[in-house]
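*Asks:* Sharing final-v9.cif below, mmCIF, N, CA, C and O atoms:
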data_work
#
loop_
_atom_site.label_atom_id
_atom_site.label_comp_id
_atom_site.auth_asym_id
_atom_site.auth_seq_id
_atom_site.Cartn_x
_atom_site.Cartn_y
_atom_site.Cartn_z
N MET X 472 19.32 -34.63 -7.00
CA MET X 472 19.17 -33.56 -7.98
C MET X 472 17.81 -32.87 -7.83
O MET X 472 17.74 -31.66 -7.92
N ILE X 473 16.75 -33.66 -7.64
CA ILE X 473 15.42 -33.07 -7.49
C ILE X 473 15.37 -32.20 -6.24
O ILE X 473 14.80 -31.11 -6.26
N ARG X 474 16.00 -32.66 -5.17
CA ARG X 474 16.02 -31.86 -3.94
C ARG X 474 16.75 -30.53 -4.16
O ARG X 474 16.32 -29.49 -3.70
N LEU X 475 17.86 -30.57 -4.89
CA LEU X 475 18.61 -29.36 -5.19
C LEU X 475 17.77 -28.38 -6.00
O LEU X 475 17.76 -27.18 -5.72
N LEU X 476 17.05 -28.89 -7.00
CA LEU X 476 16.17 -28.03 -7.79
C LEU X 476 15.05 -27.45 -6.95
O LEU X 476 14.67 -26.29 -7.12
N SER X 477 14.53 -28.23 -6.03
CA SER X 477 13.46 -27.75 -5.14
C SER X 477 13.97 -26.62 -4.25
O SER X 477 13.29 -25.62 -4.06
N ILE X 478 15.17 -26.79 -3.71
CA ILE X 478 15.76 -25.74 -2.86
C ILE X 478 15.99 -24.48 -3.70
O ILE X 478 15.69 -23.37 -3.27
N PHE X 479 16.54 -24.63 -4.90
CA PHE X 479 16.78 -23.49 -5.77
C PHE X 479 15.49 -22.75 -6.09
O PHE X 479 15.43 -21.52 -6.03
N ALA X 480 14.44 -23.49 -6.43
CA ALA X 480 13.14 -22.87 -6.75
C ALA X 480 12.60 -22.11 -5.54
O ALA X 480 12.07 -21.00 -5.68
N SER X 481 12.75 -22.67 -4.36
CA SER X 481 12.29 -22.00 -3.14
C SER X 481 13.05 -20.69 -2.93
O SER X 481 12.46 -19.67 -2.57
N LEU X 482 14.36 -20.71 -3.14
CA LEU X 482 15.16 -19.50 -2.97
C LEU X 482 14.77 -18.43 -3.98
O LEU X 482 14.71 -17.25 -3.65
N VAL X 483 14.51 -18.81 -5.20
CA VAL X 483 14.09 -17.86 -6.22
C VAL X 483 12.76 -17.21 -5.83
O VAL X 483 12.60 -15.99 -5.91
N LEU X 484 11.82 -18.01 -5.37
CA LEU X 484 10.52 -17.46 -4.97
C LEU X 484 10.65 -16.54 -3.77
O LEU X 484 10.03 -15.48 -3.72
N LEU X 485 11.46 -16.91 -2.78
CA LEU X 485 11.65 -16.06 -1.61
C LEU X 485 12.34 -14.76 -1.97
O LEU X 485 11.98 -13.70 -1.48
N THR X 486 13.32 -14.82 -2.86
CA THR X 486 14.01 -13.61 -3.29
C THR X 486 13.06 -12.69 -4.05
O THR X 486 13.05 -11.49 -3.83
N ALA X 487 12.24 -13.23 -4.91
CA ALA X 487 11.28 -12.42 -5.67
C ALA X 487 10.30 -11.75 -4.73
O ALA X 487 9.98 -10.57 -4.89
N ALA X 488 9.84 -12.46 -3.72
CA ALA X 488 8.90 -11.88 -2.75
C ALA X 488 9.58 -10.78 -1.95
O ALA X 488 8.98 -9.74 -1.68
N ALA X 489 10.84 -10.98 -1.57
CA ALA X 489 11.55 -9.98 -0.78
C ALA X 489 11.82 -8.72 -1.59
O ALA X 489 11.90 -7.63 -1.04
N LEU X 490 11.97 -8.86 -2.91
CA LEU X 490 12.27 -7.70 -3.75
C LEU X 490 11.02 -7.02 -4.30
O LEU X 490 11.13 -6.03 -5.01
N ALA X 491 9.86 -7.53 -3.99
CA ALA X 491 8.62 -6.93 -4.48
C ALA X 491 8.49 -5.51 -3.93
O ALA X 491 8.59 -5.28 -2.73
N ALA X 492 8.31 -4.59 -4.82
CA ALA X 492 8.17 -3.19 -4.42
C ALA X 492 6.77 -2.97 -3.85
O ALA X 492 5.80 -3.54 -4.35
N PRO X 493 6.66 -2.15 -2.80
CA PRO X 493 5.33 -1.86 -2.29
C PRO X 493 4.51 -1.10 -3.33
O PRO X 493 5.05 -0.35 -4.13
N ALA X 494 3.21 -1.34 -3.28
CA ALA X 494 2.31 -0.67 -4.23
C ALA X 494 0.95 -0.47 -3.58
O ALA X 494 0.59 -1.21 -2.66
N VAL X 495 0.22 0.53 -4.04
CA VAL X 495 -1.15 0.76 -3.60
C VAL X 495 -2.06 0.89 -4.81
O VAL X 495 -1.64 1.31 -5.88
N THR X 496 -3.31 0.50 -4.61
CA THR X 496 -4.34 0.71 -5.62
C THR X 496 -5.51 1.42 -4.94
O THR X 496 -5.73 1.27 -3.74
N LEU X 497 -6.23 2.20 -5.74
CA LEU X 497 -7.37 2.98 -5.22
C LEU X 497 -8.63 2.60 -5.98
O LEU X 497 -8.60 2.39 -7.18
N ALA X 498 -9.73 2.55 -5.24
CA ALA X 498 -11.03 2.31 -5.87
C ALA X 498 -12.07 3.17 -5.16
O ALA X 498 -12.30 2.96 -3.99
N PRO X 499 -12.62 4.16 -5.84
CA PRO X 499 -12.35 4.59 -7.21
C PRO X 499 -11.05 5.39 -7.29
O PRO X 499 -10.51 5.81 -6.27
N LYS X 500 -10.59 5.64 -8.51
CA LYS X 500 -9.35 6.39 -8.74
C LYS X 500 -9.59 7.88 -8.83
O LYS X 500 -8.66 8.68 -8.72
N ILE X 501 -10.84 8.26 -9.09
CA ILE X 501 -11.23 9.67 -9.16
C ILE X 501 -12.59 9.81 -8.50
O ILE X 501 -13.33 8.83 -8.36
N GLY X 502 -12.91 11.04 -8.10
CA GLY X 502 -14.22 11.27 -7.50
C GLY X 502 -14.29 12.62 -6.83
O GLY X 502 -13.29 13.31 -6.68
N PRO X 503 -15.48 12.98 -6.40
CA PRO X 503 -15.69 14.27 -5.76
C PRO X 503 -15.31 14.24 -4.28
O PRO X 503 -15.11 13.16 -3.71
N PRO X 504 -15.23 15.39 -3.65
CA PRO X 504 -15.03 15.41 -2.20
C PRO X 504 -16.10 14.57 -1.51
O PRO X 504 -17.22 14.46 -1.99
N THR X 505 -15.73 14.00 -0.40
CA THR X 505 -16.54 13.14 0.48
C THR X 505 -16.77 11.73 -0.06
O THR X 505 -17.41 10.93 0.61
N VAL X 506 -16.22 11.39 -1.24
CA VAL X 506 -16.36 10.02 -1.74
C VAL X 506 -15.51 9.08 -0.88
O VAL X 506 -14.45 9.45 -0.39
N LYS X 507 -15.99 7.87 -0.69
CA LYS X 507 -15.25 6.85 0.06
C LYS X 507 -14.29 6.15 -0.91
O LYS X 507 -14.69 5.72 -2.00
N VAL X 508 -13.03 6.02 -0.51
CA VAL X 508 -12.00 5.39 -1.34
C VAL X 508 -11.43 4.19 -0.58
O VAL X 508 -11.06 4.30 0.59
N THR X 509 -11.38 3.05 -1.25
CA THR X 509 -10.76 1.87 -0.68
C THR X 509 -9.31 1.83 -1.15
O THR X 509 -9.04 1.91 -2.35
N VAL X 510 -8.40 1.73 -0.20
CA VAL X 510 -6.97 1.69 -0.49
C VAL X 510 -6.48 0.27 -0.19
O VAL X 510 -6.64 -0.22 0.93
N ASN X 511 -5.92 -0.38 -1.20
CA ASN X 511 -5.33 -1.71 -1.03
C ASN X 511 -3.83 -1.57 -1.23
O ASN X 511 -3.38 -0.92 -2.17
N GLY X 512 -3.07 -2.19 -0.33
CA GLY X 512 -1.62 -2.16 -0.42
C GLY X 512 -1.04 -3.55 -0.46
O GLY X 512 -1.63 -4.49 0.10
N ALA X 513 0.10 -3.69 -1.10
CA ALA X 513 0.81 -4.96 -1.16
C ALA X 513 2.31 -4.70 -1.24
O ALA X 513 2.73 -3.60 -1.63
N GLY X 514 3.10 -5.69 -0.85
CA GLY X 514 4.54 -5.56 -0.94
C GLY X 514 5.18 -4.89 0.25
O GLY X 514 6.37 -4.58 0.23
N PHE X 515 4.42 -4.68 1.32
CA PHE X 515 4.95 -4.10 2.55
C PHE X 515 5.44 -5.23 3.44
O PHE X 515 5.27 -6.41 3.13
N GLY X 516 6.05 -4.91 4.57
CA GLY X 516 6.50 -5.92 5.50
C GLY X 516 5.33 -6.65 6.13
O GLY X 516 4.24 -6.11 6.26
N ALA X 517 5.58 -7.88 6.55
CA ALA X 517 4.54 -8.68 7.20
C ALA X 517 4.27 -8.16 8.61
O ALA X 517 5.21 -7.84 9.35
N PHE X 518 3.00 -8.06 8.94
CA PHE X 518 2.55 -7.66 10.27
C PHE X 518 3.13 -6.31 10.71
O PHE X 518 3.63 -6.17 11.82
N LYS X 519 3.03 -5.33 9.83
CA LYS X 519 3.53 -3.97 10.10
C LYS X 519 2.36 -2.99 10.13
O LYS X 519 1.30 -3.24 9.57
N LEU X 520 2.58 -1.85 10.78
CA LEU X 520 1.59 -0.78 10.79
C LEU X 520 1.89 0.17 9.64
O LEU X 520 3.05 0.54 9.41
N VAL X 521 0.85 0.56 8.92
CA VAL X 521 0.97 1.44 7.75
C VAL X 521 0.01 2.61 7.92
O VAL X 521 -1.18 2.41 8.17
N ASP X 522 0.54 3.82 7.83
CA ASP X 522 -0.30 5.02 7.84
C ASP X 522 -0.67 5.35 6.40
O ASP X 522 0.19 5.29 5.51
N VAL X 523 -1.92 5.71 6.18
CA VAL X 523 -2.39 6.07 4.83
C VAL X 523 -2.79 7.54 4.86
O VAL X 523 -3.63 7.95 5.67
N TYR X 524 -2.17 8.30 3.97
CA TYR X 524 -2.38 9.75 3.90
C TYR X 524 -3.14 10.14 2.64
O TYR X 524 -2.93 9.56 1.58
N PHE X 525 -3.97 11.16 2.77
CA PHE X 525 -4.56 11.85 1.62
C PHE X 525 -3.89 13.20 1.62
O PHE X 525 -4.14 14.02 2.52
N GLY X 526 -3.00 13.43 0.66
CA GLY X 526 -2.16 14.63 0.73
C GLY X 526 -1.24 14.49 1.93
O GLY X 526 -0.52 13.51 2.05
N THR X 527 -1.32 15.45 2.85
CA THR X 527 -0.48 15.39 4.05
C THR X 527 -1.29 15.00 5.29
O THR X 527 -0.76 15.01 6.40
N THR X 528 -2.56 14.66 5.10
CA THR X 528 -3.43 14.31 6.23
C THR X 528 -3.46 12.80 6.43
O THR X 528 -3.81 12.06 5.51
N ASP X 529 -3.10 12.36 7.62
CA ASP X 529 -3.14 10.94 7.98
C ASP X 529 -4.60 10.54 8.13
O ASP X 529 -5.30 11.02 9.01
N MET X 530 -5.06 9.66 7.23
CA MET X 530 -6.48 9.32 7.18
C MET X 530 -6.83 7.99 7.84
O MET X 530 -7.94 7.82 8.31
N CYS X 531 -5.91 7.02 7.83
CA CYS X 531 -6.22 5.76 8.49
C CYS X 531 -4.93 5.00 8.80
O CYS X 531 -3.89 5.24 8.22
N LEU X 532 -5.06 4.11 9.76
CA LEU X 532 -3.97 3.25 10.16
C LEU X 532 -4.37 1.82 9.82
O LEU X 532 -5.46 1.38 10.19
N ALA X 533 -3.51 1.11 9.11
CA ALA X 533 -3.80 -0.26 8.72
C ALA X 533 -2.68 -1.17 9.21
O ALA X 533 -1.56 -0.72 9.40
N ALA X 534 -3.00 -2.43 9.39
CA ALA X 534 -2.01 -3.44 9.74
C ALA X 534 -1.91 -4.42 8.58
O ALA X 534 -2.92 -4.88 8.06
N THR X 535 -0.68 -4.72 8.19
CA THR X 535 -0.50 -5.66 7.09
C THR X 535 -0.68 -7.10 7.60
O THR X 535 -0.52 -7.38 8.78
N ASP X 536 -1.01 -7.98 6.68
CA ASP X 536 -1.12 -9.40 7.02
C ASP X 536 0.25 -10.05 6.84
O ASP X 536 1.25 -9.38 6.59
N GLY X 537 0.29 -11.37 6.95
CA GLY X 537 1.54 -12.10 6.84
C GLY X 537 2.21 -11.98 5.48
O GLY X 537 3.41 -12.21 5.35
N GLY X 538 1.45 -11.58 4.47
CA GLY X 538 2.00 -11.40 3.13
C GLY X 538 2.34 -9.95 2.81
O GLY X 538 2.72 -9.62 1.69
N GLY X 539 2.16 -9.04 3.78
CA GLY X 539 2.48 -7.63 3.57
C GLY X 539 1.40 -6.83 2.88
O GLY X 539 1.65 -5.76 2.34
N ALA X 540 0.15 -7.33 2.91
CA ALA X 540 -0.97 -6.63 2.25
C ALA X 540 -1.90 -6.02 3.30
O ALA X 540 -1.96 -6.49 4.43
N PHE X 541 -2.60 -4.98 2.90
CA PHE X 541 -3.59 -4.35 3.78
C PHE X 541 -4.71 -3.74 2.95
O PHE X 541 -4.58 -3.54 1.74
N THR X 542 -5.80 -3.42 3.62
CA THR X 542 -6.91 -2.68 3.03
C THR X 542 -7.41 -1.69 4.06
O THR X 542 -7.50 -2.01 5.24
N CYS X 543 -7.71 -0.49 3.63
CA CYS X 543 -8.38 0.48 4.51
C CYS X 543 -9.24 1.40 3.65
O CYS X 543 -9.07 1.47 2.44
N SER X 544 -10.15 2.07 4.29
CA SER X 544 -11.04 3.01 3.60
C SER X 544 -10.83 4.40 4.15
O SER X 544 -10.60 4.57 5.35
N LEU X 545 -10.92 5.38 3.28
CA LEU X 545 -10.85 6.76 3.71
C LEU X 545 -11.93 7.56 2.98
O LEU X 545 -12.42 7.14 1.94
N LYS X 546 -12.28 8.68 3.56
CA LYS X 546 -13.27 9.57 2.95
C LYS X 546 -12.52 10.83 2.51
O LYS X 546 -11.84 11.47 3.32
N VAL X 547 -12.60 11.14 1.23
CA VAL X 547 -11.93 12.34 0.71
C VAL X 547 -12.48 13.55 1.45
O VAL X 547 -13.71 13.71 1.55
N PRO X 548 -11.61 14.40 1.99
CA PRO X 548 -12.09 15.57 2.72
C PRO X 548 -13.00 16.47 1.87
O PRO X 548 -12.77 16.64 0.67
N GLY X 549 -14.01 17.00 2.49
CA GLY X 549 -14.94 17.89 1.80
C GLY X 549 -14.27 19.14 1.26
O GLY X 549 -14.75 19.76 0.32
N SER X 550 -13.13 19.49 1.85
CA SER X 550 -12.40 20.69 1.42
C SER X 550 -11.45 20.43 0.26
O SER X 550 -10.81 21.36 -0.23
N ALA X 551 -11.37 19.20 -0.23
CA ALA X 551 -10.45 18.87 -1.33
C ALA X 551 -10.84 19.62 -2.60
O ALA X 551 -12.00 19.59 -3.02
N GLN X 552 -9.88 20.29 -3.18
CA GLN X 552 -10.10 21.04 -4.41
C GLN X 552 -9.95 20.13 -5.62
O GLN X 552 -9.29 19.09 -5.55
N PRO X 553 -10.56 20.50 -6.76
CA PRO X 553 -10.45 19.68 -7.97
C PRO X 553 -9.04 19.77 -8.57
O PRO X 553 -8.71 20.68 -9.32
N GLN X 554 -8.21 18.85 -8.17
CA GLN X 554 -6.84 18.76 -8.65
C GLN X 554 -6.32 17.37 -8.28
O GLN X 554 -7.03 16.60 -7.66
N ILE X 555 -5.10 17.07 -8.67
CA ILE X 555 -4.52 15.78 -8.29
C ILE X 555 -4.09 15.83 -6.83
O ILE X 555 -3.42 16.77 -6.40
N HIS X 556 -4.51 14.82 -6.08
CA HIS X 556 -4.09 14.63 -4.70
C HIS X 556 -3.42 13.26 -4.65
O HIS X 556 -3.81 12.34 -5.37
N TYR X 557 -2.42 13.12 -3.79
CA TYR X 557 -1.74 11.83 -3.69
C TYR X 557 -2.16 11.09 -2.44
O TYR X 557 -2.25 11.67 -1.35
N VAL X 558 -2.43 9.80 -2.61
CA VAL X 558 -2.70 8.90 -1.50
C VAL X 558 -1.41 8.12 -1.28
O VAL X 558 -0.90 7.48 -2.21
N THR X 559 -0.86 8.21 -0.08
CA THR X 559 0.42 7.60 0.25
C THR X 559 0.24 6.62 1.40
O THR X 559 -0.41 6.94 2.39
N ALA X 560 0.82 5.45 1.25
CA ALA X 560 0.85 4.46 2.33
C ALA X 560 2.30 4.34 2.77
O ALA X 560 3.19 4.13 1.95
N MET X 561 2.54 4.52 4.10
CA MET X 561 3.91 4.50 4.61
C MET X 561 4.00 3.60 5.84
O MET X 561 3.27 3.79 6.80
N GLU X 562 4.91 2.65 5.77
CA GLU X 562 5.17 1.77 6.90
C GLU X 562 5.78 2.59 8.03
O GLU X 562 6.69 3.38 7.80
N ARG X 563 5.27 2.42 9.24
CA ARG X 563 5.71 3.26 10.36
C ARG X 563 7.19 3.12 10.70
O ARG X 563 7.87 4.12 10.89
N VAL X 564 7.72 1.94 10.82
CA VAL X 564 9.09 1.77 11.30
C VAL X 564 10.11 1.98 10.19
O VAL X 564 11.07 2.72 10.36
N SER X 565 9.91 1.35 9.05
CA SER X 565 10.92 1.39 7.98
C SER X 565 10.81 2.62 7.09
O SER X 565 11.78 3.00 6.44
N GLY X 566 9.62 3.22 7.01
CA GLY X 566 9.42 4.33 6.09
C GLY X 566 9.16 3.88 4.66
O GLY X 566 9.03 4.72 3.76
N THR X 567 9.10 2.58 4.42
CA THR X 567 8.79 2.06 3.11
C THR X 567 7.43 2.63 2.69
O THR X 567 6.49 2.63 3.48
N ALA X 568 7.33 3.12 1.44
CA ALA X 568 6.10 3.79 1.04
C ALA X 568 5.77 3.54 -0.42
O ALA X 568 6.62 3.16 -1.21
N ALA X 569 4.51 3.79 -0.72
CA ALA X 569 4.02 3.76 -2.11
C ALA X 569 2.90 4.79 -2.19
O ALA X 569 2.23 5.08 -1.20
N GLN X 570 2.70 5.36 -3.37
CA GLN X 570 1.62 6.32 -3.53
C GLN X 570 1.00 6.25 -4.91
O GLN X 570 1.60 5.77 -5.86
N LYS X 571 -0.24 6.74 -4.98
CA LYS X 571 -1.00 6.81 -6.23
C LYS X 571 -1.71 8.15 -6.26
O LYS X 571 -2.17 8.67 -5.24
N PRO X 572 -1.86 8.71 -7.47
CA PRO X 572 -2.64 9.95 -7.58
C PRO X 572 -4.13 9.65 -7.52
O PRO X 572 -4.60 8.61 -8.00
N PHE X 573 -4.87 10.55 -6.92
CA PHE X 573 -6.33 10.47 -6.89
C PHE X 573 -6.82 11.73 -7.56
O PHE X 573 -6.37 12.82 -7.25
#
Translate the structure of the given file into structure tokens.
*Replies:*
Amino acid sequence: MIRLLSIFASLVLLTAAALAAPAVTLAPKIGPPTVKVTVNGAGFGAFKLVDVYFGTTDMCLAATDGGGAFTCSLKVPGSAQPQIHYVTAMERVSGTAAQKPF
């Protein structure tokens, strides 16, 4: 019985991890042109390449770790106007993506 419960618990944890939606966080969340922004991602595929965009400009390429997480830094373009811009992280092969407003 204990073994059966252990197997069930393992399956629940694996299913929850597989269903985790990709997400990104930004630090800072707001700022002027030329500010450095750290982009952290989670919930992507393990050992995948992820392109990070500021608006439509590809700003950096990151590789996820075994847990599907990554970190990269970008510099907000000097030409960015004072408005909402979106930072998007997109997995190269699957197209899985997440974005946050900056």
*Asks:* Find the residues near Gly538 (chain X): any atom within 7 Å, counting only N, CA, C and O atoms, skip ones fewer than 5 places away on the same chain, and give them as a JSON list (two decimals) with N, CA, C and O atoms, in the frame of the given file.
*Replies:*
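Done, and the output landed in selection_10.json:
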[["chain", "number", "residue", "atom", "x", "y", "z"],
["X", 512, "GLY", "N", -3.07, -2.19, -0.33],
["X", 512, "GLY", "CA", -1.62, -2.16, -0.42],
["X", 512, "GLY", "C", -1.04, -3.55, -0.46],
["X", 512, "GLY", "O", -1.63, -4.49, 0.10],
["X", 513, "ALA", "N", 0.10, -3.69, -1.10],
["X", 513, "ALA", "CA", 0.81, -4.96, -1.16],
["X", 513, "ALA", "C", 2.31, -4.70, -1.24],
["X", 513, "ALA", "O", 2.73, -3.60, -1.63],
["X", 514, "GLY", "N", 3.10, -5.69, -0.85],
["X", 514, "GLY", "CA", 4.54, -5.56, -0.94],
["X", 514, "GLY", "C", 5.18, -4.89, 0.25],
["X", 514, "GLY", "O", 6.37, -4.58, 0.23],
["X", 515, "PHE", "N", 4.42, -4.68, 1.32],
["X", 515, "PHE", "CA", 4.95, -4.10, 2.55],
["X", 515, "PHE", "C", 5.44, -5.23, 3.44],
["X", 515, "PHE", "O", 5.27, -6.41, 3.13],
["X", 516, "GLY", "N", 6.05, -4.91, 4.57],
["X", 516, "GLY", "CA", 6.50, -5.92, 5.50],
["X", 516, "GLY", "C", 5.33, -6.65, 6.13],
["X", 516, "GLY", "O", 4.24, -6.11, 6.26],
["X", 517, "ALA", "N", 5.58, -7.88, 6.55],
["X", 517, "ALA", "CA", 4.54, -8.68, 7.20],
["X", 517, "ALA", "C", 4.27, -8.16, 8.61],
["X", 517, "ALA", "O", 5.21, -7.84, 9.35],
["X", 518, "PHE", "N", 3.00, -8.06, 8.94],
["X", 518, "PHE", "CA", 2.55, -7.66, 10.27],
["X", 518, "PHE", "C", 3.13, -6.31, 10.71],
["X", 518, "PHE", "O", 3.63, -6.17, 11.82]]
*Asks:* Run through the PyMOL selection byres ((chain X and resi 553-568) around 4.5) on the given coordinates and return the selected residues as a list in words.
*Replies:*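 On this input, the PyMOL selection byres ((chain X and resi 553-568) around 4.5) captures Leu520, Val521, Asp522, Val523, Tyr524, Phe525, Gly526, Ala551, Gln552, Ala569, Gln570, Lys571, Pro572 and Phe573 of chain X.
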*Asks:* Report the distance between CA of Gly502 (chain X) and CA of Asp536 (chain X) in Å, rounded to one decimal place.
*Replies:*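 Rounded to one decimal, the two atoms are 28.5 Å apart.
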*Asks:* Run DSSP on the backbone and give me the residues of chain X it puts in alpha helix (DSSP H), as a PyMOL selection string.
*Replies:* chain X and resi 473-489
*Asks:* Go ahead and dump the residues you just picked, N, CA, C and O atoms, as a tab-separated table (two decimals), keeping the file's coordinate frame.
*Replies:*
chain	number	residue	atom	x	y	z
X	473	ILE	N	16.75	-33.66	-7.64
X	473	ILE	CA	15.42	-33.07	-7.49
X	473	ILE	C	15.37	-32.20	-6.24
X	473	ILE	O	14.80	-31.11	-6.26
X	474	ARG	N	16.00	-32.66	-5.17
X	474	ARG	CA	16.02	-31.86	-3.94
X	474	ARG	C	16.75	-30.53	-4.16
X	474	ARG	O	16.32	-29.49	-3.70
X	475	LEU	N	17.86	-30.57	-4.89
X	475	LEU	CA	18.61	-29.36	-5.19
X	475	LEU	C	17.77	-28.38	-6.00
X	475	LEU	O	17.76	-27.18	-5.72
X	476	LEU	N	17.05	-28.89	-7.00
X	476	LEU	CA	16.17	-28.03	-7.79
X	476	LEU	C	15.05	-27.45	-6.95
X	476	LEU	O	14.67	-26.29	-7.12
X	477	SER	N	14.53	-28.23	-6.03
X	477	SER	CA	13.46	-27.75	-5.14
X	477	SER	C	13.97	-26.62	-4.25
X	477	SER	O	13.29	-25.62	-4.06
X	478	ILE	N	15.17	-26.79	-3.71
X	478	ILE	CA	15.76	-25.74	-2.86
X	478	ILE	C	15.99	-24.48	-3.70
X	478	ILE	O	15.69	-23.37	-3.27
X	479	PHE	N	16.54	-24.63	-4.90
X	479	PHE	CA	16.78	-23.49	-5.77
X	479	PHE	C	15.49	-22.75	-6.09
X	479	PHE	O	15.43	-21.52	-6.03
X	480	ALA	N	14.44	-23.49	-6.43
X	480	ALA	CA	13.14	-22.87	-6.75
X	480	ALA	C	12.60	-22.11	-5.54
X	480	ALA	O	12.07	-21.00	-5.68
X	481	SER	N	12.75	-22.67	-4.36
X	481	SER	CA	12.29	-22.00	-3.14
X	481	SER	C	13.05	-20.69	-2.93
X	481	SER	O	12.46	-19.67	-2.57
X	482	LEU	N	14.36	-20.71	-3.14
X	482	LEU	CA	15.16	-19.50	-2.97
X	482	LEU	C	14.77	-18.43	-3.98
X	482	LEU	O	14.71	-17.25	-3.65
X	483	VAL	N	14.51	-18.81	-5.20
X	483	VAL	CA	14.09	-17.86	-6.22
X	483	VAL	C	12.76	-17.21	-5.83
X	483	VAL	O	12.60	-15.99	-5.91
X	484	LEU	N	11.82	-18.01	-5.37
X	484	LEU	CA	10.52	-17.46	-4.97
X	484	LEU	C	10.65	-16.54	-3.77
X	484	LEU	O	10.03	-15.48	-3.72
X	485	LEU	N	11.46	-16.91	-2.78
X	485	LEU	CA	11.65	-16.06	-1.61
X	485	LEU	C	12.34	-14.76	-1.97
X	485	LEU	O	11.98	-13.70	-1.48
X	486	THR	N	13.32	-14.82	-2.86
X	486	THR	CA	14.01	-13.61	-3.29
X	486	THR	C	13.06	-12.69	-4.05
X	486	THR	O	13.05	-11.49	-3.83
X	487	ALA	N	12.24	-13.23	-4.91
X	487	ALA	CA	11.28	-12.42	-5.67
X	487	ALA	C	10.30	-11.75	-4.73
X	487	ALA	O	9.98	-10.57	-4.89
X	488	ALA	N	9.84	-12.46	-3.72
X	488	ALA	CA	8.90	-11.88	-2.75
X	488	ALA	C	9.58	-10.78	-1.95
X	488	ALA	O	8.98	-9.74	-1.68
X	489	ALA	N	10.84	-10.98	-1.57
X	489	ALA	CA	11.55	-9.98	-0.78
X	489	ALA	C	11.82	-8.72	-1.59
X	489	ALA	O	11.90	-7.63	-1.04
*Asks:* So the first atom is atom O of Ser550 (chain X) and the second is atom O of Ala533 (chain X); what is the distance between them in Å, to one decimal place?
*Replies:*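 Computing it gives 25.8 Å between the two atoms.
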*Asks:* Can you work out which one of X:Lys519, X:Val506, X:Thr527, X:Ala498 has the shortest atom-to-atom distance to Gly539 (chain X), counting only C-alpha atoms?
*Replies:*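 Going through X:Lys519, X:Val506, X:Thr527, X:Ala498 one by one, the smallest distance to Gly539 (chain X) is for X:Lys519.
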*Asks:* Measure the distance from atom N of Leu532 (chain X) to atom C of Pro499 (chain X) in Å and round it to one decimal.
*Replies:*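 These atoms are spaced 18.1 Å apart.
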*Asks:* Counting only C-alpha atoms, what is within 10 Å of Pro548 (chain X), bar same-chain residues fewer than 5 positions away, as a list of chain:residue names?
*Replies:* X:Pro503, X:Pro504, X:Thr505, X:Val506, X:Lys507, X:Phe525, X:Thr528, X:Met530
*Asks:* Expanded to explicit residues, what is the PyMOL selection byres ((chain X and resi 509) around 8) for this file, as a count of residues only?
*Replies:* 18
*Asks:* Please give the complete set of residues from region 480-540 of chain X that DSSP, run on the backbone, assigns to strand (DSSP E or B), formatted as a VMD selection string.
*Replies:* chain X and resid 494 to 498 507 to 513 520 to 525 528 to 534
